[in-house]
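K.L.:
Got a structure for you, questions after.
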Amino acid sequence: MKRIPLLLLFLLYFASSFGQHAENIRKVTSAMLKARDQKDYEAYTTYFYPTEIKYRGGKAQWIKALKNDDRESAMIRLERRKQSLGKVSKVYKAGKELHCIIEWNLKGKNSSSHWNFLAISGDQGKSWKFIMTAGKTPNEVWAMVPKFNQGLTWVDYNE
């Protein structure tokens, strides 16, 4: 009987911990996307997990590609898509890291996309780094992190 209040306290702690993680992940993801919108490529790339930067050819190469993409988009007057963040998944323990997914929605005049960011924390949720799932298979994403909790799943799609 004495263990029930202790158990309830323990469960409340983990529920509030998840809420704090979700709020922090959403705040960091918003700052990352704001840096991209403001064309602060140096700041934008610092939000990404080291293997994501390596996947993109290194930081300097990625920044060069981002600038080139923006120039080409301006030249062909590509429509600017509205973006929003969706829900944050359950936070999973994966070795010494925490992993979760945050949804990223893009809507244009005639199309919409639903992508995700894999959020990774190596310091128990104090800071977060990201891997974009867009254009990658789950196996490619899994190969980018040292340990991966197989309970974490996501769906990407374009309409």
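Please note that chains go A, B, ... in the order of the structure tokens, that every chain numbers its residues from 1, and that ligands are numbered from 1 in the order shown.
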Which neighbours of range 30-40 of chain A fall inside 10 Å, counting only C-alpha atoms, when residues of the same chain fewer than 2 positions from it are skipped, and could you give them as a PyMOL selection string?
P.N.:
chain A and resi 24-28+42-48+63+66-67+70+83-85+104+129-130
K.L.:
Those selected residues, please, written with C-alpha atoms and delivered as a JSON list (two decimals), in the first residue's frame.
P.N.:
```json
[["chain", "number", "residue", "atom", "x", "y", "z"],
["A", 24, "ASN", "CA", 12.12, 21.60, -25.86],
["A", 25, "ILE", "CA", 12.25, 19.59, -29.12],
["A", 26, "ARG", "CA", 9.57, 21.80, -30.66],
["A", 27, "LYS", "CA", 11.44, 24.96, -29.56],
["A", 28, "VAL", "CA", 14.78, 23.75, -30.97],
["A", 42, "GLU", "CA", 25.97, 28.23, -40.63],
["A", 43, "ALA", "CA", 23.49, 28.24, -37.73],
["A", 44, "TYR", "CA", 21.09, 25.91, -39.56],
["A", 45, "THR", "CA", 23.67, 23.18, -40.08],
["A", 46, "THR", "CA", 24.77, 23.24, -36.43],
["A", 47, "TYR", "CA", 21.39, 21.76, -35.46],
["A", 48, "PHE", "CA", 22.13, 18.51, -37.28],
["A", 63, "ILE", "CA", 26.09, 25.11, -47.09],
["A", 66, "LEU", "CA", 21.78, 25.13, -49.70],
["A", 67, "LYS", "CA", 22.86, 28.45, -51.25],
["A", 70, "ASP", "CA", 18.01, 28.96, -52.92],
["A", 83, "GLN", "CA", 5.72, 24.84, -43.02],
["A", 84, "SER", "CA", 4.49, 23.71, -39.66],
["A", 85, "LEU", "CA", 5.54, 21.30, -36.99],
["A", 104, "TRP", "CA", 7.39, 18.52, -40.36],
["A", 129, "LYS", "CA", 20.37, 17.32, -32.92],
["A", 130, "PHE", "CA", 18.43, 16.20, -35.97]]
```
K.L.:
So which residues of range 4-146 of chain A fall under strand (DSSP E or B) by DSSP, listed as a PyMOL selection string?
P.N.:
chain A and resi 48+82-88+92-94+97-107+112-121+129-132
K.L.:
From the list A:Ser89, A:Gly122, A:Trp142, A:Lys82, which residue is nearest Lys109 in chain A when using only C-alpha atoms?
P.N.:
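Once distances to Lys109 in chain A are computed over only C-alpha atoms, the minimum belongs to A:Lys82.
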K.L.:
Can you list every residue in range 13-114 of chain A that DSSP puts in alpha helix (DSSP H), as an NGL selection string?
P.N.:
:A and (13-37 or 41-46 or 50-55 or 59-75)
K.L.:
Tell me which protein, DNA and RNA residues are within 10 Å of Val141 in chain A, counting only C-alpha atoms, leaving out same-chain ones fewer than 5 positions away, and put them as a list in words.
P.N.:
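In the requested form, the answer reads Thr51, Glu52, Leu118, Ile131, Met132, Thr133, Ala134, Lys136 and Phe148 of chain A.
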K.L.:
Which residue is closest to Tyr92 in chain A? Choose from A:Tyr49, A:Gly57, A:Glu23, A:Ala119 and count only C-alpha atoms.
P.N.:
A:Ala119
K.L.:
Would you list the contacts of range 93-99 of chain A as JSON, numbers by chain, taking every protein, DNA or RNA residue within 9 Å and counting only C-alpha atoms, but skipping same-chain residues closer than 2 positions in sequence?
P.N.:
{"A": [90, 91, 101, 118, 119, 120, 121, 122, 123, 124, 125, 146, 147, 148, 149, 152]}
K.L.:
What is the distance between CA of Val88 in chain A and CA of Pro138 in chain A, in Å to one decimal?
P.N.:
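Value for the CA of Val88 in chain A-CA of Pro138 in chain A distance: 17.7 Å.
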K.L.:
Do you know which residues are at most 10 Å from Ser113 in chain A counting only C-alpha atoms, after dropping those on the same chain fewer than 4 positions away, and could you put them as a list in words?
P.N.:
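After dropping sequence-adjacent residues, the list is Arg81, Gln83, Trp104, Asn105, Leu106, Lys107, Gly108, Ala134, Asp156, Tyr157, Asn158 and Glu159 of chain A.
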